[in-house]
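> Here it is: the structure, laid out below.
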Amino acid sequence: MKTITKDPLVIGGHTFSSRFILGSGKFNMDLIEAAIEHAKAEIITLALRRANTEKNDNILNHIPKGVTLLPNTSGARNAEEAVRIARLAREIGCGNFIKIEVIRDSKYLLPDNYETIKATEILAKEGFVVMPYMYPDLNVARDLWNAGAACVMPLGAPIGSNKGLCTKEFIQILIDEIELPIIVDAGIGKPSEACAAMEMGAAAIMANTAIATAGNIIEMAHAFRLSVEAGRAAYLAGPGRVLNMQGEASSPLTGFLEEAK
Amino acid sequence: MKHDCMSYQKDMEQIDSNIKERVMECYESFEDTKYSAKDVQDALAKEILSPSDFAALLSSAAIPFLEEMAKRGQKETLKHFGNSVYLFTPIYISNYCENQCVYCGFNCRNKIQRAHLDTNQIEKEMMAIKETGLEEILILVGESRNKSTLQYLGEACKIGAKYFKTVGLEVYPMNSEEYAYLRKCGADYVTVFQETYNVEQYEKVHLGGHKRVYPYRLEAQERAIMGGMRGVAFGALLGLSDHRKDAFATGMHAYYIQRKYPHIEISFSCPRIRPASGTDFQVYEEIDEKQLLQVILAYRIFMPYAGITVSTRENRNFRNHVVGLGATKISAGVDTGVGENTEEEKGDEQFEIADGRSVDQVYHELLQNNMQPVMNDHVLL
């Protein structure tokens, strides 16, 4: 029998037992450690633009050892800037993982898929484990795959919106067609939505705002952990069939064939 | 004879844009009495507000709904910025000015102590500021092109970029190629206050100098973007004219710029007019804290993704509370005089400040109030 512990998440050859990735952007620093612990997150993202403060509190001091850092390129407006931020992150010791975010829209913060593909191609060749944030589009996902991405991170809804799986149908297409982990990145607002995405076959969930803006951050981190695990278990179990419209007649419609005998 | 405030002067770049006309139309179209309580409630019920909803939130009809606006503002601020509050400080490097703004302490006719830091003094000042832990600096000068030349500003930006991760500019408006030069020298964003969008009042209070030219000032943000700046900030000096009309025009100015240049970081400043030495200017209207908060909240709800800066013109209590409701950026360790951090050369202040807390004090009070002070939000590439 398959169990969750024998069902690791593999990204770029690295193995994780947790399928929940925590974003760090909107937290008070003293709560980050507890949120990581209660979410049982093994990967935490951090914006490099926040990490390089020289004096006062630095977010890096609040991330426990053993947790994989996933620096992101937030602030980049094109592939060139994303590549430069990624290289800088590696130089200052943030490792080989990089989440590409290329955004040139200050209102909706939607990712620029075209520039994201370009950055992915360059960074994958340089040995980075590239995790690109993207708008769910099958052709783009294929290009990212060909460019060497380690996974694909489609948005469920605009970043920070907590609106849930607005792009559900398109994410399902990516899950069905792309042979890389599909990690739903932005927009997940509630544990039930995380669970739904995992039931669909998403490899992992990333969330930040949903937890950072919750009434009780610790409890919500815990709730997300449970929902991601439940969704994954349900996916592996294979959900029961869903009947359309009405119940199924117990007397078969083809019974008359037998009656004639 | 005074220069017509609507005519560009020689060497002032004129750009191909209709934003100025649209903003001026917005100013004229705002009528406070047009909006009812129902308009305000309808606006607050919407997820994305139209310009007309924004106007309703700025109207007198919205005053009884300030609490509802504060709740919505808090929600939007939390959603878009979390608990983060960015800290910065201004550095005044010269108070020489060629303008005659009747409300301003730097007015060239005022007999105040003038000072102009040289590059060594600027570097010493910046090193002293750097010691406080700040990572963002806002360079300010009085508007004298002759004294504070483009090259002088360029040198200041270069020094700024050496010590800080973000360098802002609040200097005289200039042509796009001049902004491009300062961008190359290390500047990141440009703040220009239109002061008032009311042309008649603008002409009355700006008696001379380049600043008298209304359209050149209004188009400064767009020229700064053309010069490659990554962010621009907008502000009206509330109290100089009808504050509701001015706040509406300010918001619409930012709105049109954002639509035309969606990649640009937009932010608002919300200054109320403060007493300044050497002036006996009578304000058009006194803006109380309730009215100021209404403006801040209306900006926040209309453009929830925009930054909002509240300066030390406001007191500690107001600033401590407004950061969770709408403001996302506050200054700390502020002095509006020239050379105040090392006391090498002292020039008089532009205006009186109401919150003299040090960077450390602001930092720790934010933490006590469950907010997260953020020193840096940018990677200098």
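Every chain in the structure tokens takes a letter, A first, then B, and so on in the order presented; its residues are numbered from 1, and the ligands are numbered from 1 following the presented order.
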Just need the residues of chain A within 6 Å of chain B, counting only C-alpha atoms, so spit them out as a list in words.

Lys26, Asn28, Arg49, Arg50, Lys55, Arg104, Asp105 and Ser106 of chain A

> Hey, can you spit out that residue selection with C-alpha atoms as a CSV table (one decimal), in the first residue's frame?


chain,number,residue,atom,x,y,z
A,26,LYS,CA,4.0,39.3,4.3
A,28,ASN,CA,6.3,39.5,10.8
A,49,ARG,CA,15.3,42.3,-2.4
A,50,ARG,CA,14.2,41.8,1.3
A,55,LYS,CA,21.6,46.0,9.6
A,104,ARG,CA,5.8,44.2,-15.4
A,105,ASP,CA,2.4,45.0,-14.3
A,106,SER,CA,2.1,46.9,-11.0

> Using backbone DSSP assignments, extract all strand (DSSP E or B) residues from stretch 34-128 of chain A; output them as a PDB file with C-alpha atoms, in the first residue's frame.


ATOM      1  CA  ILE A  43      10.906  24.897   1.195  1.00  0.00           C
ATOM      2  CA  ILE A  44      10.476  28.581   1.929  1.00  0.00           C
ATOM      3  CA  THR A  45      10.645  31.330  -0.624  1.00  0.00           C
ATOM      4  CA  LEU A  46      12.266  34.636   0.035  1.00  0.00           C
ATOM      5  CA  ALA A  47      12.527  37.774  -2.012  1.00  0.00           C
ATOM      6  CA  THR A  68      15.545  24.750   1.567  1.00  0.00           C
ATOM      7  CA  LEU A  69      15.678  28.394   0.562  1.00  0.00           C
ATOM      8  CA  LEU A  70      13.885  29.274  -2.619  1.00  0.00           C
ATOM      9  CA  PRO A  71      14.946  32.802  -3.518  1.00  0.00           C
ATOM     10  CA  ASN A  72      12.641  34.510  -5.984  1.00  0.00           C
ATOM     11  CA  PHE A  97      17.073  26.880  -6.363  1.00  0.00           C
ATOM     12  CA  ILE A  98      15.474  29.883  -8.000  1.00  0.00           C
ATOM     13  CA  LYS A  99      11.848  30.817  -8.433  1.00  0.00           C
ATOM     14  CA  ILE A 100      11.485  33.019 -11.453  1.00  0.00           C
ATOM     15  CA  ILE A 103       6.333  40.970 -13.513  1.00  0.00           C
ATOM     16  CA  PRO A 111       3.674  37.164 -14.681  1.00  0.00           C
TER      17      PRO A 111
END

> Give me every helix (DSSP H, G or I) residue in stretch 72-180 of chain B, going by DSSP on the backbone, as a PyMOL selection string.

chain B and resi 72-81+119-130+150-163+176-180

> With only C-alpha atoms as the counted atoms, please give the residues lying no more than 6 Å from stretch 201-214 of chain A, apart from itself and same-chain residues fewer than 2 positions off, as a list in words.

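Non-adjacent residues within range: Arg19, Phe20, Ile21, Leu22, Gly23, Lys26, Phe27, Gly160, Pro181, Ile182, Ile183, Val184, Asp185, Gly189, Ala197, Met198, Glu199, Asn216, Ile217 and Met220 of chain A.
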
> Using only C-alpha atoms, which residues sit within 7 Å of B:Cys185 once same-chain residues fewer than 5 positions away are excluded, as a PyMOL selection string?

chain B and resi 154+157-158

> Considering only C-alpha atoms, can you say which of B:Met24, B:Ala156, B:Ile308, B:Ala298 comes closest to B:Thr196?

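Of the candidates, the smallest distance to B:Thr196 is held by B:Met24.
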
> Tell me, as a PDB file with N, CA and C atoms, in the first residue's frame, which residues lie within 7 Å of stretch 287-296 of chain B, counting only C-alpha atoms; anything in the same chain fewer than 6 positions away does not count.


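Result saved to out-v3.pdb:
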ATOM      1  N   LEU B  58     -14.036  60.425  -1.709  1.00  0.00           N
ATOM      2  CA  LEU B  58     -13.359  61.677  -1.343  1.00  0.00           C
ATOM      3  C   LEU B  58     -14.355  62.777  -0.975  1.00  0.00           C
ATOM      4  N   LEU B  66     -16.232  56.939   7.553  1.00  0.00           N
ATOM      5  CA  LEU B  66     -14.783  56.843   7.723  1.00  0.00           C
ATOM      6  C   LEU B  66     -14.374  55.507   8.367  1.00  0.00           C
ATOM      7  N   LEU B 238      -2.013  69.376   0.505  1.00  0.00           N
ATOM      8  CA  LEU B 238      -3.408  69.538   0.923  1.00  0.00           C
ATOM      9  C   LEU B 238      -3.565  70.786   1.795  1.00  0.00           C
ATOM     10  N   GLY B 239      -4.518  71.612   1.428  1.00  0.00           N
ATOM     11  CA  GLY B 239      -4.750  72.862   2.146  1.00  0.00           C
ATOM     12  C   GLY B 239      -4.435  74.072   1.284  1.00  0.00           C
ATOM     13  N   ALA B 247      -7.171  66.028  -4.258  1.00  0.00           N
ATOM     14  CA  ALA B 247      -6.916  64.598  -4.022  1.00  0.00           C
ATOM     15  C   ALA B 247      -7.472  63.773  -5.185  1.00  0.00           C
ATOM     16  N   ARG B 272       0.140  67.633   4.245  1.00  0.00           N
ATOM     17  CA  ARG B 272      -0.717  68.776   4.586  1.00  0.00           C
ATOM     18  C   ARG B 272       0.200  69.971   4.704  1.00  0.00           C
ATOM     19  N   GLY B 326      -3.469  52.299   5.742  1.00  0.00           N
ATOM     20  CA  GLY B 326      -3.290  52.722   4.352  1.00  0.00           C
ATOM     21  C   GLY B 326      -1.849  53.013   3.998  1.00  0.00           C
TER      22      GLY B 326
END

> Here is a test: counting only C-alpha atoms, which residue of B:Phe106, B:Tyr197, B:Phe302, B:Phe268 is nearest to B:Asp246?

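Selected residue with least distance to B:Asp246: B:Tyr197.
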
> Just want the 9 Å neighbourhood of A:Ile178, counted on only C-alpha atoms, with same-chain residues fewer than 4 positions away dropped. Output as a PyMOL selection string.

chain A and resi 138+141-142+145+152+173-174+182

> How would the residues just picked look written out with C-alpha atoms as a compact mmCIF listing (two decimals), in the first residue's frame?


# COMPACT_ATOMS: atom_id res chain seq x y z
CA LEU A 138 -0.12 24.92 -22.19
CA ALA A 141 4.40 25.25 -20.01
CA ARG A 142 5.79 23.11 -22.84
CA TRP A 145 9.73 22.22 -19.88
CA VAL A 152 5.94 24.66 -13.51
CA ILE A 173 -4.60 20.72 -18.60
CA LEU A 174 -1.04 21.34 -17.40
CA ILE A 182 2.84 21.30 -11.35

> Residues near stretch 224-235 of chain A, anyone? I mean within 6 Å using only C-alpha atoms, not counting same-chain ones fewer than 2 positions away, as a list of chain:residue names.

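Final neighbour list, sorted by chain and number: A:Ala39, A:Pro191, A:Ala194, A:Cys195, A:Met198, A:Glu199, A:Ala221, A:His222, A:Ala237, A:Gly238.
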
> Store the residues of this selection in a file with C-alpha atoms, as a compact mmCIF listing (two decimals), in the first residue's frame.


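Saved to out.txt:
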# COMPACT_ATOMS: atom_id res chain seq x y z
CA ALA A 39 3.03 24.01 8.07
CA PRO A 191 -7.10 25.17 2.89
CA ALA A 194 -5.30 23.78 -1.55
CA CYS A 195 -6.92 20.42 -0.97
CA MET A 198 -3.96 18.52 -4.70
CA GLU A 199 -6.91 16.25 -5.47
CA ALA A 221 -0.30 27.06 8.76
CA HIS A 222 -1.35 23.83 10.45
CA ALA A 237 -6.40 6.95 -3.60
CA GLY A 238 -8.22 7.88 -6.80

> To one decimal in Å, tell me the separation between atom CA of B:Val40 and atom CA of B:Ala56.

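Atom-to-atom, atom CA of B:Val40 to atom CA of B:Ala56, that is 5.4 Å.
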
> Between atom CA of A:Glu126 and atom CA of A:Ala76, what is the spacing in Å?

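Distance between the two atoms: 18.5 Å.
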
> Do you have the atom CA of B:Asp355-atom CA of B:Ile93 distance handy?

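Atom CA of B:Ile93 lies 20.6 Å from atom CA of B:Asp355.
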
> Considering only C-alpha atoms, can you say which of B:Gly324, B:Gly337, B:Gly73, B:Gly208 comes closest to B:Gly142?

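Once distances to B:Gly142 are computed over only C-alpha atoms, the minimum belongs to B:Gly337.
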